[in-house]
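A.B. asks: Have a look at the structure that comes next, please.
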Amino acid sequence: MAIQTRKPDTYKLRVRLNSMATHLFMFVFLAYFLIPLLWLMISSTKTNDGLFSSFGFWFSKDFNFFQNLKDLFAYDNGNFALWMRNTAIYALIASLGSSLISTLAGYAFAQYRFPGRNLLFGIVLASIFVPATVFAVPLFLMMSKSGLSNTLLAVILPSLVNPFGVYLMRIYAEQAVSQDLIDAARVDGAGEFRIFATIAFRLLAPGYVTVLLFAFVGAWNNYFLPLLLLSRSDLFVLTVGLAYWNSLASQPGVAHVLYILVITGSVVAIVPVMFVFLFLQGFWQGGLSLGSVKA
């Protein structure tokens, strides 16, 4: 009887190679996102001289982070703290408002049948693909004519409209909210608003938190809209204020201060976004409606 020799397992080898290629691909993208953040964190601990004289990805001999923080909040009559307050007000109101509106609209599109439903949703989808620059001139003229220019309200109102959030919440509501559960609540005599507030909104919480996080990050990092509608320095948000300081950095006499302050301010501006992300990720829980309707 001939002894058969075992051939190499080419399938397992191919799977291993594919796994290695996938991990390498992910590592490259991880490095792409983390390297600028690492440089920013390290640079914020240096003096302005150390920023240009030492290796960019290693600490200098003088740890100056706390002094940079002190200078950051003291420079220009403490405008950085004012910009941070403006950004917090704008981002919180805009993200909470747009997320709630998106949840209401998405739930309505998913649960109700009304004339023009598909047409309206088509308009929502089409507006996702329209560049923000297209609305620049109309927004500026609308806010100027209404007397809202140079107010935070001029930045907040356009941010309440979130077409992508509406699309996302409709898709999520179709899967998360059981029609049988809604019909059972109606049979028990619950009104539509009570059904949404006490039943549907709880089931939509993971989707709401997702939209809320996207909206908050978008509002916190928004640069174009505040730049367009705000011209007073006391109304600037962090993105516009730091860009303004950076534009002044090339002028004689202030460069030695502003370069390191812009870097330190960028680090401080990242912290609230990281805190919000870590706080909200606990709410991402799937299957909240599992078992709510008996089969």
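Each chain in the structure tokens gets a letter, A, B, ..., in the order shown, and its residues are numbered from 1; ligands are numbered from 1 in order too.
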DSSP on the backbone: what in region 97-267 of chain A comes out alpha helix (DSSP H), as a compact mmCIF listing (two decimals) with C-alpha atoms, in the first residue's frame?
C.D. replies:
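So states-v5.txt came out as:
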# COMPACT_ATOMS: atom_id res chain seq x y z
CA GLY A 97 -30.98 69.90 18.49
CA SER A 98 -29.96 68.34 15.19
CA SER A 99 -29.90 64.84 16.70
CA LEU A 100 -33.40 65.23 18.12
CA ILE A 101 -34.75 66.63 14.84
CA SER A 102 -33.07 63.82 12.91
CA THR A 103 -34.55 61.21 15.26
CA LEU A 104 -38.05 62.66 14.95
CA ALA A 105 -37.81 62.90 11.16
CA GLY A 106 -36.26 59.46 10.75
CA TYR A 107 -38.92 57.87 12.96
CA ALA A 108 -41.68 59.62 10.98
CA PHE A 109 -40.27 58.44 7.65
CA ALA A 110 -39.96 54.88 8.97
CA GLN A 111 -43.34 54.52 10.73
CA ARG A 117 -43.10 60.63 1.66
CA ASN A 118 -40.73 59.18 -0.93
CA LEU A 119 -40.30 62.56 -2.62
CA LEU A 120 -39.37 64.27 0.65
CA PHE A 121 -36.95 61.52 1.57
CA GLY A 122 -35.42 61.77 -1.90
CA ILE A 123 -34.83 65.48 -1.29
CA VAL A 124 -33.16 64.62 2.02
CA LEU A 125 -30.87 62.13 0.27
CA ALA A 126 -30.06 64.60 -2.50
CA SER A 127 -29.12 67.30 0.00
CA ILE A 128 -26.46 65.01 1.49
CA ALA A 136 -22.40 79.93 1.52
CA VAL A 137 -23.84 82.95 -0.28
CA PRO A 138 -27.53 82.18 0.46
CA LEU A 139 -26.74 81.61 4.16
CA PHE A 140 -24.75 84.81 4.42
CA LEU A 141 -27.51 86.84 2.76
CA MET A 142 -30.25 85.23 4.88
CA MET A 143 -28.42 85.89 8.14
CA SER A 144 -27.54 89.43 7.11
CA LYS A 145 -31.11 90.30 6.14
CA LEU A 152 -23.94 82.38 17.69
CA LEU A 153 -27.53 81.84 16.58
CA ALA A 154 -26.40 82.39 13.00
CA VAL A 155 -24.10 79.39 13.35
CA ILE A 156 -26.49 77.24 15.38
CA LEU A 157 -29.60 77.46 13.17
CA PRO A 158 -28.03 76.04 9.96
CA SER A 159 -26.37 73.29 12.00
CA PRO A 163 -29.74 65.26 6.30
CA PHE A 164 -27.32 62.41 6.94
CA GLY A 165 -28.69 62.08 10.47
CA VAL A 166 -32.24 61.82 9.10
CA TYR A 167 -31.17 59.12 6.68
CA LEU A 168 -29.31 57.19 9.36
CA MET A 169 -32.20 57.37 11.84
CA ARG A 170 -34.75 56.23 9.27
CA ILE A 171 -32.67 53.15 8.45
CA TYR A 172 -32.16 52.44 12.15
CA ALA A 173 -35.81 53.03 13.08
CA GLU A 174 -37.00 50.55 10.46
CA GLN A 175 -34.92 47.83 12.13
CA ALA A 176 -35.08 48.80 15.81
CA GLN A 179 -44.47 47.71 14.29
CA ASP A 180 -46.21 45.14 16.51
CA LEU A 181 -44.97 46.98 19.60
CA ILE A 182 -46.25 50.31 18.27
CA ASP A 183 -49.63 48.78 17.37
CA ALA A 184 -49.91 47.26 20.85
CA ALA A 185 -49.29 50.67 22.41
CA ARG A 186 -51.98 52.21 20.19
CA VAL A 187 -54.46 49.53 21.21
CA GLU A 192 -48.37 59.10 19.08
CA PHE A 193 -46.20 61.51 21.06
CA ARG A 194 -46.32 59.29 24.14
CA ILE A 195 -45.42 56.25 22.04
CA PHE A 201 -37.05 56.87 21.68
CA ARG A 202 -35.66 54.31 24.13
CA LEU A 203 -35.30 51.79 21.31
CA ALA A 205 -31.19 55.49 21.79
CA PRO A 206 -28.12 53.79 20.21
CA GLY A 207 -28.89 55.42 16.85
CA TYR A 208 -29.57 58.76 18.53
CA VAL A 209 -26.22 58.62 20.34
CA THR A 210 -24.46 57.80 17.07
CA VAL A 211 -26.00 60.79 15.32
CA LEU A 212 -25.31 62.93 18.40
CA LEU A 213 -21.63 62.03 18.33
CA PHE A 214 -21.30 62.74 14.61
CA ALA A 215 -23.13 66.05 15.04
CA PHE A 216 -21.04 67.08 18.05
CA VAL A 217 -17.73 66.32 16.36
CA GLY A 218 -18.88 68.10 13.20
CA ALA A 219 -20.03 71.17 15.13
CA TRP A 220 -16.94 71.28 17.36
CA PHE A 224 -16.25 77.18 7.32
CA LEU A 225 -19.63 78.22 8.77
CA PRO A 226 -18.29 80.27 11.74
CA LEU A 227 -15.68 81.84 9.47
CA LEU A 228 -18.41 82.91 7.07
CA LEU A 229 -20.88 84.31 9.60
CA LEU A 238 -11.83 77.49 18.55
CA THR A 239 -11.19 76.57 14.92
CA VAL A 240 -11.51 80.15 13.69
CA GLY A 241 -9.64 81.61 16.66
CA LEU A 242 -6.66 79.27 16.35
CA ALA A 243 -6.55 79.83 12.59
CA TYR A 244 -6.53 83.58 13.26
CA TRP A 245 -3.61 83.23 15.67
CA ASN A 246 -1.80 81.03 13.18
CA SER A 247 -2.20 83.69 10.49
CA LEU A 248 -0.57 86.21 12.83
CA ALA A 255 5.84 84.37 16.14
CA HIS A 256 7.81 83.25 19.20
CA VAL A 257 4.54 83.18 21.18
CA LEU A 258 1.86 82.12 18.77
CA TYR A 259 3.36 79.01 17.21
CA ILE A 260 3.53 77.12 20.48
CA LEU A 261 0.20 78.57 21.66
CA VAL A 262 -1.58 77.34 18.54
CA ILE A 263 -0.17 73.85 19.08
CA THR A 264 -1.10 73.82 22.78
CA GLY A 265 -4.56 75.19 21.98
CA SER A 266 -5.08 72.41 19.43
CA VAL A 267 -4.28 69.82 22.10
A.B. asks: Near Leu82 (chain A), counting only C-alpha atoms, which residues have an atom at most 8 Å away, once you skip same-chain residues fewer than 3 positions from it, shown as a PyMOL selection string?
C.D. replies: chain A and resi 78-79+85-86+234-235
A.B. asks: Nearest residue to Pro272 (chain A) out of A:Asn221, A:Lys12, A:Ser43, A:Thr22, using only C-alpha atoms?
C.D. replies: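 Under the stated criterion, the closest residue is A:Asn221.
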A.B. asks: Grab the CA of Pro36 (chain A) to CA of Gly56 (chain A) distance for me, in Å with one decimal place.
C.D. replies: 10.5 Å
A.B. asks: How many Å separate CA of Ser250 (chain A) from CA of Ala269 (chain A)?
C.D. replies: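 Interatomic distance, CA of Ser250 (chain A) to CA of Ala269 (chain A): 22.3 Å.
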A.B. asks: Just the number, please: distance in Å from CA of Phe236 (chain A) to CA of Thr87 (chain A), one decimal.
C.D. replies: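 These atoms are spaced 8.0 Å apart.
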A.B. asks: Set the distance at 8 Å and use only C-alpha atoms: which residues neighbour Thr47 (chain A) once local chain neighbours fewer than 5 positions away are removed? I'd like the list as a PyMOL selection string.
C.D. replies: chain A and resi 62-64+68+260
A.B. asks: Return the single residue from A:Leu69, A:Leu13, A:Val271, A:Leu160 that is closest to Ser44 (chain A), with distances computed using only C-alpha atoms.
C.D. replies: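 Looking at the shortest contact to Ser44 (chain A), the residue is A:Leu69.
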